[in-house]
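> Structure file run17.cif (mmCIF, C-alpha atoms) right here:
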data_data
#
loop_
_atom_site.label_atom_id
_atom_site.label_comp_id
_atom_site.auth_asym_id
_atom_site.auth_seq_id
_atom_site.Cartn_x
_atom_site.Cartn_y
_atom_site.Cartn_z
CA MET A 149 93.39 -42.19 248.11
CA CYS A 150 94.81 -41.13 245.01
CA ALA A 151 92.08 -38.93 244.11
CA PRO A 152 92.26 -36.55 247.01
CA ALA A 153 95.96 -35.95 246.44
CA VAL A 154 95.29 -34.89 242.92
CA VAL A 155 92.64 -32.44 243.91
CA PRO A 156 94.89 -30.25 245.99
CA ILE A 157 97.47 -30.07 243.17
CA VAL A 158 94.75 -29.10 240.72
CA ALA A 159 93.47 -26.60 243.21
CA ALA A 160 96.97 -25.26 243.66
CA VAL A 161 97.49 -25.06 239.93
CA ALA A 162 94.12 -23.43 239.41
CA GLY A 163 94.79 -20.93 242.17
CA GLY A 164 98.30 -20.30 240.86
CA GLY A 165 96.92 -19.57 237.40
CA ALA A 166 94.73 -16.85 238.85
CA ILE A 167 97.71 -15.25 240.57
CA ALA A 168 99.75 -15.46 237.38
CA ALA A 169 96.87 -13.95 235.46
CA GLN A 170 96.58 -11.17 238.00
CA GLN A 171 100.31 -10.56 237.84
CA LYS A 172 100.14 -10.56 234.06
CA LYS A 173 97.23 -8.11 234.15
CA LYS A 174 99.16 -5.97 236.59
CA LYS A 175 102.23 -5.97 234.31
CA VAL A 176 100.07 -5.13 231.29
CA ALA A 177 98.39 -2.33 233.23
CA GLU A 178 101.77 -0.99 234.41
CA GLU A 179 103.11 -1.15 230.85
CA ALA A 180 100.01 0.65 229.58
CA ALA A 181 100.38 3.30 232.31
CA ARG A 182 104.06 3.71 231.45
CA LYS A 183 103.23 4.05 227.74
CA GLN A 184 100.44 6.52 228.54
CA ALA A 185 102.79 8.56 230.75
CA GLU A 186 105.36 8.62 227.92
CA ALA A 187 102.68 9.65 225.42
CA ASP A 188 101.47 12.39 227.79
CA ARG A 189 105.06 13.62 228.24
CA LEU A 190 105.60 13.74 224.46
CA ALA A 191 102.27 15.53 223.96
CA ALA A 192 103.22 18.11 226.60
CA GLN A 193 106.56 18.66 224.84
CA LYS A 194 104.79 19.10 221.51
CA ARG A 195 102.29 21.54 223.06
CA ALA A 196 105.16 23.53 224.59
CA GLU A 197 107.00 23.60 221.24
CA MET A 198 103.81 24.69 219.44
CA GLU A 199 103.25 27.43 222.00
CA ARG A 200 106.85 28.62 221.60
CA LEU A 201 106.47 28.70 217.81
CA LYS A 202 103.18 30.57 218.16
CA ARG A 203 104.81 33.25 220.34
CA GLN A 204 107.71 33.50 217.91
CA ARG A 205 105.32 33.97 214.95
CA GLU A 206 103.35 36.60 216.85
CA ALA A 207 106.55 38.50 217.70
CA THR A 208 107.68 38.33 214.08
CA ALA A 209 104.28 39.55 212.89
CA ALA A 210 104.35 42.44 215.37
CA GLN A 211 107.86 43.42 214.22
CA GLN A 212 106.79 43.28 210.58
CA GLN A 213 103.74 45.41 211.34
CA ALA A 214 105.90 48.01 213.08
CA ASN A 215 108.33 48.03 210.14
CA LEU A 216 105.40 48.46 207.73
CA GLN A 217 104.07 51.45 209.67
CA ALA A 218 107.53 53.04 209.81
CA MET A 219 107.95 52.58 206.06
CA GLN A 220 104.52 54.07 205.37
CA ILE A 221 105.34 57.13 207.49
CA GLU A 222 108.69 57.52 205.72
CA GLN A 223 107.01 57.17 202.34
CA GLU A 224 104.41 59.81 203.25
CA LYS A 225 107.21 62.20 204.28
CA ILE A 226 109.00 61.59 200.98
CA VAL A 227 105.82 62.16 198.99
CA GLN A 228 105.08 65.39 200.88
CA GLY A 229 108.64 66.59 200.31
CA GLN A 230 108.38 65.86 196.61
CA GLN A 231 105.03 67.62 196.38
CA SER A 232 106.36 70.73 198.12
CA GLN A 233 109.47 70.67 195.92
CA ALA A 234 107.29 70.33 192.81
CA ALA A 235 105.12 73.24 193.97
CA SER A 236 108.15 75.46 194.59
CA LEU A 237 109.61 74.53 191.20
CA ARG A 238 106.29 75.34 189.52
CA ALA A 239 106.17 78.73 191.27
CA GLU A 240 109.77 79.44 190.29
CA GLN A 241 109.04 78.46 186.70
CA GLU A 242 105.94 80.65 186.59
CA GLN A 243 107.98 83.56 187.97
CA LYS A 244 110.67 83.06 185.32
CA LEU A 245 108.03 82.83 182.58
CA ALA A 246 106.38 86.02 183.83
CA GLY A 247 109.76 87.80 183.71
CA ILE A 248 110.42 86.51 180.20
CA LYS A 249 106.97 87.61 179.06
CA ALA A 250 107.45 91.06 180.60
CA ARG A 251 110.82 91.47 178.88
CA GLY A 252 109.33 90.23 175.63
CA GLN A 253 106.49 92.73 175.85
CA ALA A 254 108.94 95.54 176.61
CA VAL A 255 111.07 94.59 173.62
CA THR A 256 107.99 94.31 171.43
CA SER A 257 106.71 97.72 172.44
CA SER A 258 110.19 99.23 171.93
CA LEU A 259 110.39 97.70 168.48
CA LYS A 260 106.92 98.99 167.66
CA ILE A 261 107.99 102.49 168.66
CA LEU A 262 111.17 102.21 166.59
CA ALA A 263 109.26 100.81 163.64
CA ALA A 264 106.71 103.62 163.75
CA ASP A 265 106.79 106.34 161.11
CA PRO A 266 109.72 108.61 161.95
CA ARG A 267 107.50 111.63 161.34
CA ARG A 268 105.19 110.40 164.08
CA ALA A 269 107.89 109.33 166.46
CA GLN A 270 108.22 111.52 169.52
CA THR A 271 111.37 113.60 169.24
CA ALA A 272 112.37 117.09 170.24
CA GLN A 273 111.20 119.39 167.52
CA VAL A 274 113.31 122.28 166.29
CA ASP A 275 111.70 125.55 165.16
CA THR A 276 112.67 125.91 161.55
CA ARG A 277 111.22 129.24 160.58
CA ASN A 278 112.91 130.91 157.70
CA LYS A 279 113.47 134.17 159.45
CA ARG A 280 116.73 135.82 158.85
CA VAL A 281 117.36 136.39 162.46
CA LYS A 282 120.79 136.80 163.68
CA GLY A 283 121.38 134.28 166.39
CA ALA A 284 120.87 130.67 167.10
CA LYS A 285 117.98 128.35 166.28
CA THR A 286 115.51 127.88 169.07
CA THR A 287 113.30 125.04 170.07
CA LYS A 288 109.65 125.49 170.72
CA THR A 289 110.48 126.21 174.30
CA SER A 290 112.37 129.26 173.10
CA LEU A 291 115.72 128.33 174.51
CA LYS A 292 118.57 129.67 172.48
CA ILE A 293 121.35 127.30 171.60
CA GLY A 294 124.85 128.66 171.16
CA SER A 295 123.92 132.30 171.31
CA GLY A 296 126.88 134.60 170.96
CA SER A 297 125.25 137.92 171.73
CA GLN A 298 125.27 139.32 175.20
CA SER A 299 122.04 141.15 174.84
CA ASP A 300 120.10 138.16 176.01
CA ALA A 301 121.11 137.94 179.62
CA GLY A 302 121.09 134.47 181.12
CA THR A 303 121.61 132.61 177.88
CA GLY A 304 124.68 131.31 176.19
CA ALA A 305 127.92 129.91 177.50
CA ASN A 306 129.00 130.86 181.00
CA ILE A 307 132.50 132.00 180.15
CA ALA A 308 134.18 135.01 181.71
CA VAL A 309 136.73 136.85 179.56
#
Produce structure tokens that represent the structure in this file.

Amino acid sequence: MCAPAVVPIVAAVAGGGAIAAQQKKKKVAEEAARKQAEADRLAAQKRAEMERLKRQREATAAQQQANLQAMQIEQEKIVQGQQSQAASLRAEQEQKLAGIKARGQAVTSSLKILAADPRRAQTAQVDTRNKRVKGAKTTKTSLKIGSGSQSDAGTGANIAV
């Protein structure tokens, strides 16, 4: 009789070991599911943070690109302004040089005329005939200068006495 009593205890222990093993498996599976859920949550947080950083970098890049374009436009305006200013200064300088050259040529030609032989220089010529004519000397145009006689009407000083 002893033997049958032992069998049910062994059967109970054997059956209880299966339940304990199942409970242990269940706990391990729950712990693994909890750890997986935590890992998934952390991964989702990291993905969200990476996405936020990506958007921030894209916004910064777009802002930098806009600043670059604005600076290029401003630089082009400055260069065009400097080119137009340089062109106007060149034109002004050329105009001044042309005026200086013209004045220099005028002075040179005046000096050439003054340096020319006084016998060839253009002056009013006086008729110097050695006639013993009473009256004033005349130029080649026959105008009398300082005539005192009244026989030549229309010449002389206009003085009424």
> So how many Å separate atom CA of Arg238 of chain A and atom CA of Thr256 of chain A, to one decimal?
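So the answer is 26.3 Å.
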> Give me, please, the distance in Å between atom CA of Arg189 of chain A and atom CA of Gln204 of chain A, quoted to one decimal.
22.6 Å
> Record the distance separating atom CA of Ala185 of chain A and atom CA of Glu197 of chain A, expressed in Å with one decimal.
18.3 Å
